[in-house]
>>> print(open('input28.cif').read())   # mmCIF, C-alpha atoms
data_structure
#
loop_
_atom_site.group_PDB
_atom_site.id
_atom_site.type_symbol
_atom_site.label_atom_id
_atom_site.label_comp_id
_atom_site.auth_asym_id
_atom_site.auth_seq_id
_atom_site.Cartn_x
_atom_site.Cartn_y
_atom_site.Cartn_z
ATOM 1 C CA MET L 1 17.220 -2.423 -14.578
ATOM 2 C CA MET L 2 18.503 -0.350 -11.673
ATOM 3 C CA LEU L 3 15.482 1.961 -11.933
ATOM 4 C CA GLU L 4 13.065 -0.703 -10.695
ATOM 5 C CA ILE L 5 15.093 -1.282 -7.536
ATOM 6 C CA VAL L 6 15.587 2.446 -6.867
ATOM 7 C CA LEU L 7 11.850 3.093 -7.273
ATOM 8 C CA PHE L 8 11.009 0.183 -4.965
ATOM 9 C CA ILE L 9 13.342 1.519 -2.259
ATOM 10 C CA ILE L 10 11.913 5.047 -2.520
ATOM 11 C CA PHE L 11 8.257 3.976 -2.383
ATOM 12 C CA ALA L 12 8.844 1.348 0.313
ATOM 13 C CA THR L 13 10.598 3.942 2.497
ATOM 14 C CA VAL L 14 7.715 6.371 2.014
ATOM 15 C CA CYS L 15 5.215 3.641 2.993
ATOM 16 C CA VAL L 16 7.121 2.495 6.095
ATOM 17 C CA VAL L 17 7.906 5.977 7.439
ATOM 18 C CA SER L 18 4.429 7.382 6.821
ATOM 19 C CA SER L 19 2.677 4.384 8.391
ATOM 20 C CA VAL L 20 4.792 4.638 11.558
ATOM 21 C CA LEU L 21 4.267 8.411 11.735
ATOM 22 C CA MET L 22 0.540 7.924 11.202
ATOM 23 C CA ILE L 23 0.008 5.853 14.353
ATOM 24 C CA THR L 24 2.321 7.976 16.527
ATOM 25 C CA ARG L 25 0.967 11.497 15.879
ATOM 26 C CA GLN L 26 -1.403 12.851 18.539
ATOM 27 C CA ASN L 27 -3.374 15.074 16.159
ATOM 28 C CA PRO L 28 -5.844 13.020 14.040
ATOM 29 C CA VAL L 29 -5.642 15.475 11.113
ATOM 30 C CA ILE L 30 -1.886 14.901 10.799
ATOM 31 C CA SER L 31 -2.491 11.134 11.082
ATOM 32 C CA ALA L 32 -4.947 11.317 8.184
ATOM 33 C CA LEU L 33 -2.495 13.300 6.041
ATOM 34 C CA PHE L 34 0.250 10.713 6.667
ATOM 35 C CA LEU L 35 -2.202 7.994 5.679
ATOM 36 C CA VAL L 36 -2.770 9.840 2.363
ATOM 37 C CA LEU L 37 1.022 9.839 1.859
ATOM 38 C CA ASN L 38 1.083 6.118 2.641
ATOM 39 C CA PHE L 39 -1.613 5.436 0.029
ATOM 40 C CA ALA L 40 0.311 7.472 -2.544
ATOM 41 C CA GLY L 41 3.433 5.400 -1.827
ATOM 42 C CA LEU L 42 1.383 2.224 -2.205
ATOM 43 C CA ALA L 43 0.116 3.447 -5.590
ATOM 44 C CA GLY L 44 3.758 3.858 -6.638
ATOM 45 C CA LEU L 45 4.505 0.300 -5.489
ATOM 46 C CA TYR L 46 1.554 -0.959 -7.544
ATOM 47 C CA LEU L 47 3.105 0.773 -10.568
ATOM 48 C CA THR L 48 6.411 -1.044 -9.993
ATOM 49 C CA LEU L 49 4.347 -4.268 -9.935
ATOM 50 C CA ASN L 50 2.858 -3.459 -13.395
ATOM 51 C CA ALA L 51 -0.654 -2.913 -11.987
ATOM 52 C CA GLN L 52 -1.483 0.409 -13.655
ATOM 53 C CA PHE L 53 -5.261 0.254 -13.279
ATOM 54 C CA ILE L 54 -5.177 -0.556 -9.562
ATOM 55 C CA ALA L 55 -2.553 2.161 -8.990
ATOM 56 C CA VAL L 56 -4.843 4.801 -10.505
ATOM 57 C CA ALA L 57 -7.870 3.402 -8.643
ATOM 58 C CA GLN L 58 -5.844 3.535 -5.409
ATOM 59 C CA VAL L 59 -5.124 7.259 -5.871
ATOM 60 C CA ILE L 60 -8.707 8.099 -6.869
ATOM 61 C CA VAL L 61 -10.653 5.902 -4.441
ATOM 62 C CA TYR L 62 -8.395 5.735 -1.369
ATOM 63 C CA ALA L 63 -6.214 8.841 -1.391
ATOM 64 C CA GLY L 64 -9.013 10.859 -2.974
ATOM 65 C CA ALA L 65 -12.500 9.810 -1.904
ATOM 66 C CA ILE L 66 -12.075 7.829 1.324
ATOM 67 C CA MET L 67 -9.444 10.087 2.915
ATOM 68 C CA VAL L 68 -11.396 13.266 2.088
ATOM 69 C CA PHE L 69 -14.319 11.584 3.836
ATOM 70 C CA PHE L 70 -12.142 10.837 6.885
ATOM 71 C CA LEU L 71 -10.784 14.406 7.021
ATOM 72 C CA PHE L 72 -14.316 15.753 6.661
ATOM 73 C CA VAL L 73 -15.506 13.739 9.682
ATOM 74 C CA ILE L 74 -12.423 14.723 11.747
ATOM 75 C CA MET L 75 -13.040 18.414 11.033
ATOM 76 C CA LEU L 76 -16.755 17.970 11.775
ATOM 77 C CA LEU L 77 -16.281 16.283 15.145
ATOM 78 C CA ASN L 78 -13.153 18.174 16.272
ATOM 79 C CA PRO L 79 -12.122 15.512 18.797
ATOM 80 C CA GLU L 80 -9.895 16.414 21.722
ATOM 81 C CA LYS L 81 -6.236 15.429 21.629
ATOM 82 C CA GLU L 82 -5.692 12.105 23.319
ATOM 83 C CA LYS L 83 -3.178 11.618 26.081
ATOM 84 C CA LYS L 84 -0.066 9.511 25.700
ATOM 85 C CA PHE L 85 -1.298 5.950 25.797
ATOM 86 C CA PHE L 86 1.586 4.247 27.595
ATOM 87 C CA LYS L 87 1.588 6.779 30.414
ATOM 88 C CA GLN L 88 -1.991 5.810 31.209
ATOM 89 C CA LYS L 89 -1.617 2.035 30.965
ATOM 90 C CA PRO L 90 2.012 0.887 31.193
ATOM 91 C CA LYS L 91 1.020 -2.755 31.758
ATOM 92 C CA LEU L 92 -0.577 -3.027 28.334
ATOM 93 C CA LYS L 93 2.733 -2.173 26.665
ATOM 94 C CA ILE L 94 4.191 -5.667 27.165
ATOM 95 C CA PHE L 95 0.959 -7.297 26.012
ATOM 96 C CA ILE L 96 0.897 -5.291 22.776
ATOM 97 C CA VAL L 97 4.596 -5.852 22.048
ATOM 98 C CA VAL L 98 4.176 -9.614 22.529
ATOM 99 C CA ILE L 99 1.069 -9.818 20.335
ATOM 100 C CA VAL L 100 2.576 -7.795 17.484
ATOM 101 C CA ALA L 101 5.922 -9.627 17.647
ATOM 102 C CA LEU L 102 4.091 -12.963 17.469
ATOM 103 C CA VAL L 103 2.047 -11.902 14.442
ATOM 104 C CA LEU L 104 5.080 -10.464 12.625
ATOM 105 C CA LEU L 105 7.217 -13.524 13.394
ATOM 106 C CA GLN L 106 4.500 -15.833 12.156
ATOM 107 C CA ILE L 107 4.117 -13.964 8.856
ATOM 108 C CA VAL L 108 7.892 -13.745 8.289
ATOM 109 C CA TYR L 109 8.246 -17.445 9.080
ATOM 110 C CA MET L 110 5.538 -18.250 6.537
ATOM 111 C CA ILE L 111 7.164 -16.027 3.899
ATOM 112 C CA PHE L 112 10.654 -17.524 4.177
ATOM 113 C CA LEU L 113 9.797 -21.160 4.764
ATOM 114 C CA SER L 114 6.868 -21.683 2.426
ATOM 115 C CA LYS L 115 7.780 -23.968 -0.447
ATOM 116 C CA PRO L 116 5.251 -22.688 -3.053
ATOM 117 C CA LEU L 117 7.065 -19.348 -3.178
ATOM 118 C CA ASN L 118 10.067 -21.029 -4.820
ATOM 119 C CA ALA L 119 7.884 -22.390 -7.611
ATOM 120 C CA ILE L 120 6.961 -18.893 -8.877
ATOM 121 C CA ASN L 121 8.739 -17.950 -12.107
ATOM 122 C CA PRO L 122 7.824 -14.336 -12.843
ATOM 123 C CA GLU L 123 7.432 -13.474 -16.531
ATOM 124 C CA VAL L 124 7.487 -9.775 -17.312
ATOM 125 C CA ALA L 125 5.266 -10.038 -20.414
ATOM 126 C CA LYS L 126 2.495 -11.938 -18.599
ATOM 127 C CA SER L 127 2.737 -9.603 -15.612
ATOM 128 C CA VAL L 128 2.401 -6.466 -17.772
ATOM 129 C CA ASP L 129 -0.518 -8.042 -19.608
ATOM 130 C CA ALA L 130 -2.356 -8.897 -16.357
ATOM 131 C CA GLY L 131 -2.367 -5.308 -15.101
ATOM 132 C CA THR L 132 -3.835 -3.520 -18.116
ATOM 133 C CA VAL L 133 -7.326 -2.038 -18.092
ATOM 134 C CA GLU L 134 -8.199 -4.284 -21.042
ATOM 135 C CA THR L 135 -7.510 -7.533 -19.182
ATOM 136 C CA ILE L 136 -9.169 -6.390 -15.967
ATOM 137 C CA GLY L 137 -12.240 -5.112 -17.819
ATOM 138 C CA ARG L 138 -12.589 -8.309 -19.815
ATOM 139 C CA GLU L 139 -12.330 -10.501 -16.718
ATOM 140 C CA MET L 140 -14.660 -8.278 -14.721
ATOM 141 C CA PHE L 141 -17.492 -8.241 -17.231
ATOM 142 C CA THR L 142 -17.322 -11.914 -18.179
ATOM 143 C CA LYS L 143 -16.107 -14.171 -15.397
ATOM 144 C CA TYR L 144 -16.772 -11.887 -12.427
ATOM 145 C CA ILE L 145 -20.005 -10.178 -13.506
ATOM 146 C CA LEU L 146 -21.950 -11.492 -10.480
ATOM 147 C CA PRO L 147 -19.516 -10.108 -7.847
ATOM 148 C CA PHE L 148 -19.513 -6.848 -9.801
ATOM 149 C CA GLU L 149 -23.296 -6.555 -9.543
ATOM 150 C CA ALA L 150 -23.133 -7.560 -5.874
ATOM 151 C CA ALA L 151 -20.580 -4.786 -5.236
ATOM 152 C CA GLY L 152 -23.006 -2.320 -6.815
ATOM 153 C CA TYR L 153 -25.821 -3.406 -4.484
ATOM 154 C CA LEU L 154 -23.411 -3.303 -1.523
ATOM 155 C CA LEU L 155 -22.516 0.326 -2.292
ATOM 156 C CA LEU L 156 -26.208 1.224 -2.604
ATOM 157 C CA ALA L 157 -26.972 -0.434 0.742
ATOM 158 C CA ALA L 158 -23.993 1.334 2.348
ATOM 159 C CA THR L 159 -25.161 4.724 1.028
ATOM 160 C CA ILE L 160 -28.669 4.229 2.435
ATOM 161 C CA GLY L 161 -27.290 2.832 5.698
ATOM 162 C CA ALA L 162 -24.937 5.788 6.177
ATOM 163 C CA LEU L 163 -27.777 8.238 5.525
ATOM 164 C CA VAL L 164 -30.075 6.498 8.017
ATOM 165 C CA LEU L 165 -27.351 6.248 10.693
ATOM 166 C CA ALA L 166 -26.083 9.831 10.453
ATOM 167 C CA LYS L 167 -29.504 11.440 10.021
ATOM 168 C CA LYS L 168 -30.603 13.793 12.766
ATOM 169 C CA LYS L 169 -33.464 12.206 14.633
ATOM 170 C CA PHE L 170 -36.380 14.456 15.456
ATOM 171 C CA GLU L 171 -38.550 13.572 18.401
ATOM 172 C CA MET S 172 10.671 -8.463 -11.833
ATOM 173 C CA GLN S 173 14.217 -7.912 -10.552
ATOM 174 C CA ILE S 174 13.056 -7.519 -6.972
ATOM 175 C CA PRO S 175 12.563 -10.757 -4.997
ATOM 176 C CA ILE S 176 8.935 -11.378 -4.079
ATOM 177 C CA GLU S 177 9.904 -11.590 -0.391
ATOM 178 C CA TYR S 178 10.665 -7.850 -0.250
ATOM 179 C CA TYR S 179 7.084 -6.917 -1.076
ATOM 180 C CA LEU S 180 5.714 -9.530 1.336
ATOM 181 C CA ILE S 181 7.931 -8.320 4.191
ATOM 182 C CA LEU S 182 6.883 -4.726 3.531
ATOM 183 C CA SER S 183 3.255 -5.815 3.600
ATOM 184 C CA ALA S 184 3.765 -7.752 6.854
ATOM 185 C CA PHE S 185 5.423 -4.730 8.456
ATOM 186 C CA MET S 186 2.571 -2.414 7.459
ATOM 187 C CA PHE S 187 0.062 -4.934 8.795
ATOM 188 C CA SER S 188 1.887 -5.004 12.162
ATOM 189 C CA VAL S 189 1.921 -1.205 12.306
ATOM 190 C CA GLY S 190 -1.825 -1.332 11.710
ATOM 191 C CA ILE S 191 -2.264 -3.775 14.608
ATOM 192 C CA VAL S 192 -0.268 -1.487 16.914
ATOM 193 C CA GLY S 193 -2.446 1.439 15.832
ATOM 194 C CA VAL S 194 -5.675 -0.435 16.549
ATOM 195 C CA LEU S 195 -4.453 -1.587 19.973
ATOM 196 C CA THR S 196 -2.877 1.650 21.227
ATOM 197 C CA ARG S 197 -4.889 4.558 19.836
ATOM 198 C CA ARG S 198 -7.959 5.726 21.727
ATOM 199 C CA ASN S 199 -9.520 7.948 19.070
ATOM 200 C CA ALA S 200 -12.158 5.932 17.178
ATOM 201 C CA ILE S 201 -11.377 7.668 13.863
ATOM 202 C CA VAL S 202 -7.633 6.885 14.115
ATOM 203 C CA VAL S 203 -8.460 3.263 15.003
ATOM 204 C CA PHE S 204 -10.546 3.194 11.855
ATOM 205 C CA MET S 205 -7.660 4.589 9.807
ATOM 206 C CA SER S 206 -5.374 1.862 11.198
ATOM 207 C CA VAL S 207 -7.884 -0.724 9.972
ATOM 208 C CA GLU S 208 -7.657 0.874 6.515
ATOM 209 C CA LEU S 209 -3.864 0.551 6.719
ATOM 210 C CA MET S 210 -4.200 -3.190 7.443
ATOM 211 C CA LEU S 211 -6.618 -3.572 4.515
ATOM 212 C CA ASN S 212 -4.106 -1.876 2.229
ATOM 213 C CA SER S 213 -1.227 -4.092 3.327
ATOM 214 C CA ALA S 214 -3.368 -7.128 2.428
ATOM 215 C CA ASN S 215 -4.076 -5.481 -0.935
ATOM 216 C CA LEU S 216 -0.330 -5.126 -1.522
ATOM 217 C CA THR S 217 0.123 -8.871 -0.985
ATOM 218 C CA LEU S 218 -2.681 -9.672 -3.426
ATOM 219 C CA ILE S 219 -1.227 -7.364 -6.098
ATOM 220 C CA THR S 220 2.259 -8.819 -5.572
ATOM 221 C CA PHE S 221 1.128 -12.397 -6.148
ATOM 222 C CA SER S 222 -1.106 -11.335 -9.037
ATOM 223 C CA SER S 223 1.821 -9.630 -10.732
ATOM 224 C CA TYR S 224 4.393 -12.364 -10.094
ATOM 225 C CA LEU S 225 2.023 -15.097 -11.265
ATOM 226 C CA GLY S 226 0.839 -13.105 -14.299
ATOM 227 C CA ASP S 227 -2.813 -13.595 -13.348
ATOM 228 C CA ALA S 228 -5.348 -10.741 -13.205
ATOM 229 C CA THR S 229 -7.602 -12.388 -10.579
ATOM 230 C CA GLY S 230 -5.744 -10.877 -7.628
ATOM 231 C CA GLN S 231 -6.109 -7.384 -9.062
ATOM 232 C CA LEU S 232 -9.845 -7.913 -9.536
ATOM 233 C CA PHE S 233 -10.051 -9.029 -5.922
ATOM 234 C CA VAL S 234 -8.293 -5.819 -4.858
ATOM 235 C CA PHE S 235 -10.859 -3.856 -6.875
ATOM 236 C CA PHE S 236 -13.685 -5.485 -4.919
ATOM 237 C CA VAL S 237 -11.828 -4.949 -1.641
ATOM 238 C CA MET S 238 -11.694 -1.237 -2.497
ATOM 239 C CA ALA S 239 -15.461 -1.174 -3.107
ATOM 240 C CA VAL S 240 -16.108 -2.911 0.226
ATOM 241 C CA ALA S 241 -13.656 -0.583 2.009
ATOM 242 C CA ALA S 242 -15.502 2.455 0.651
ATOM 243 C CA ALA S 243 -18.817 1.046 1.897
ATOM 244 C CA GLU S 244 -17.252 0.167 5.251
ATOM 245 C CA ALA S 245 -15.778 3.667 5.666
ATOM 246 C CA ALA S 246 -19.141 5.291 4.902
ATOM 247 C CA VAL S 247 -21.102 3.171 7.385
ATOM 248 C CA GLY S 248 -18.388 3.225 10.062
ATOM 249 C CA LEU S 249 -17.994 6.984 10.010
ATOM 250 C CA ALA S 250 -21.787 7.374 10.106
ATOM 251 C CA ILE S 251 -21.808 5.220 13.258
ATOM 252 C CA ILE S 252 -19.020 7.368 14.757
ATOM 253 C CA ILE S 253 -21.041 10.519 14.007
ATOM 254 C CA ALA S 254 -24.139 8.976 15.615
ATOM 255 C CA ILE S 255 -22.125 8.026 18.740
ATOM 256 C CA PHE S 256 -20.567 11.498 18.914
ATOM 257 C CA ARG S 257 -24.017 13.048 18.787
ATOM 258 C CA ASN S 258 -25.134 10.977 21.793
ATOM 259 C CA LYS S 259 -22.001 10.900 23.970
ATOM 260 C CA LEU S 260 -20.041 13.973 22.718
ATOM 261 C CA THR S 261 -16.828 11.915 22.536
ATOM 262 C CA VAL S 262 -15.044 9.569 20.129
ATOM 263 C CA ASN S 263 -12.708 8.152 22.786
ATOM 264 C CA ILE S 264 -13.278 4.406 22.724
ATOM 265 C CA ASP S 265 -12.496 4.082 26.441
ATOM 266 C CA GLU S 266 -15.554 6.170 27.259
ATOM 267 C CA ILE S 267 -17.867 4.391 24.824
ATOM 268 C CA ASN S 268 -18.833 1.298 26.815
ATOM 269 C CA ILE S 269 -22.624 1.115 26.655
ATOM 270 C CA LEU S 270 -22.462 -2.402 25.195
ATOM 271 C CA LYS S 271 -20.186 -3.602 27.988
ATOM 272 C CA TRP S 272 -21.820 -5.284 30.994
#
>>> encode(input="input28.cif", output="structure tokens")
Amino acid sequence: MMLEIVLFIIFATVCVVSSVLMITRQNPVISALFLVLNFAGLAGLYLTLNAQFIAVAQVIVYAGAIMVFFLFVIMLLNPEKEKKFFKQKPKLKIFIVVIVALVLLQIVYMIFLSKPLNAINPEVAKSVDAGTVETIGREMFTKYILPFEAAGYLLLAATIGALVLAKKKFE
Amino acid sequence: MQIPIEYYLILSAFMFSVGIVGVLTRRNAIVVFMSVELMLNSANLTLITFSSYLGDATGQLFVFFVMAVAAAEAAVGLAIIIAIFRNKLTVNIDEINILKW
């Protein structure tokens, strides 16, 4: 199965490059477009992990709905281009490098030295079965029905909250 | 399942670190917000990886709920940014310091 490895390398490269480009571009519109590319690459990675339903939901919800919302707000506000950060505050550079290096080192240390990771025996049949719409739907509407209802109320509250917050206030 | 699980986890850790750098260095509130979304997605990738390698659908359900919460969070957060922009005419987080004493 060379195809699996080739697909992983392609999608992982897309994710890494687009995420780095996203935080380095000065123009927020270009940042948002690179984030869409990053989400598309992530959807591809989910497909290589046999999670078809989540891959489709990722494209529809994240790359579709949420990013259109972001672009809409960027176009609406038309913010000014920001100046180069490190030219303004060179002292903060060391602080940020240290913090990020610490976090990354800690995660990598955990990944390579954690014993439970060695106990995982992946089975392709079980993995394919776990990602289907059938399995996810059955679990969602039996075992996880209460969180599902709670998510519905959360979205309703968020809709009302966003309307109230962004409404023009008349004196 | 030919790929070792560590590859996905390292990729996820790298994307999370890029998200941290974005939150700490960018001064545009909307881009900071997008970096937070990037960190959320790297956590989602870890959940999906373990769900797939363990053959258990629970992690994928959790990602589904994370997506619902992220949509709600984006709606409310961007509404707050619009409200701030209407008052201060800027989204630069260095100039928004009315809660600082």
>>> resolve_selection(input="input28.cif", expression="the PyMOL selection byres ((chain L) within 7 of (chain S))", output="PyMOL selection string")
chain L and resi 5+16+19-20+23+28+49-50+54+66+79+82+85+100+104+107-108+111+120+122-124+126-127+130-131+136+151+155+158+161-162+165-166
>>> axis_aligned_box(input="input28.cif", around="stretch 91-107 of chain L", padding_each_side="8 Å", output="lines of an AutoDock Vina configuration file")
center_x = 3.3
center_y = -9.0
center_z = 20.3
size_x = 23.8
size_y = 29.7
size_z = 38.9
>>> closest_residue(input="input28.cif", among="L:Ile74, L:Val61, L:Ile94, L:Val56", to="L:Leu33", atoms="all atoms listed in the file")
L:Ile74
>>> resolve_selection(input="input28.cif", expression="the PyMOL selection byres ((chain L and resi 8) around 10)", output="list in words")
Leu3, Glu4, Ile5, Val6, Leu7, Ile9, Ile10, Phe11, Ala12, Thr13, Val14, Gly41, Gly44, Leu45, Tyr46, Leu47, Thr48 and Leu49 of chain L; Ile174, Tyr178 and Tyr179 of chain S
>>> write_last_selection(input="input28.cif", atoms="C-alpha atoms", output="tab-separated table (two decimals), in the coordinates of the input")
chain	number	residue	atom	x	y	z
L	3	LEU	CA	15.48	1.96	-11.93
L	4	GLU	CA	13.06	-0.70	-10.70
L	5	ILE	CA	15.09	-1.28	-7.54
L	6	VAL	CA	15.59	2.45	-6.87
L	7	LEU	CA	11.85	3.09	-7.27
L	9	ILE	CA	13.34	1.52	-2.26
L	10	ILE	CA	11.91	5.05	-2.52
L	11	PHE	CA	8.26	3.98	-2.38
L	12	ALA	CA	8.84	1.35	0.31
L	13	THR	CA	10.60	3.94	2.50
L	14	VAL	CA	7.72	6.37	2.01
L	41	GLY	CA	3.43	5.40	-1.83
L	44	GLY	CA	3.76	3.86	-6.64
L	45	LEU	CA	4.50	0.30	-5.49
L	46	TYR	CA	1.55	-0.96	-7.54
L	47	LEU	CA	3.10	0.77	-10.57
L	48	THR	CA	6.41	-1.04	-9.99
L	49	LEU	CA	4.35	-4.27	-9.94
S	174	ILE	CA	13.06	-7.52	-6.97
S	178	TYR	CA	10.66	-7.85	-0.25
S	179	TYR	CA	7.08	-6.92	-1.08
>>> atom_distance(input="input28.cif", atom1="atom CA of L:Val133", atom2="atom CA of L:Ala51")
9.1 Å
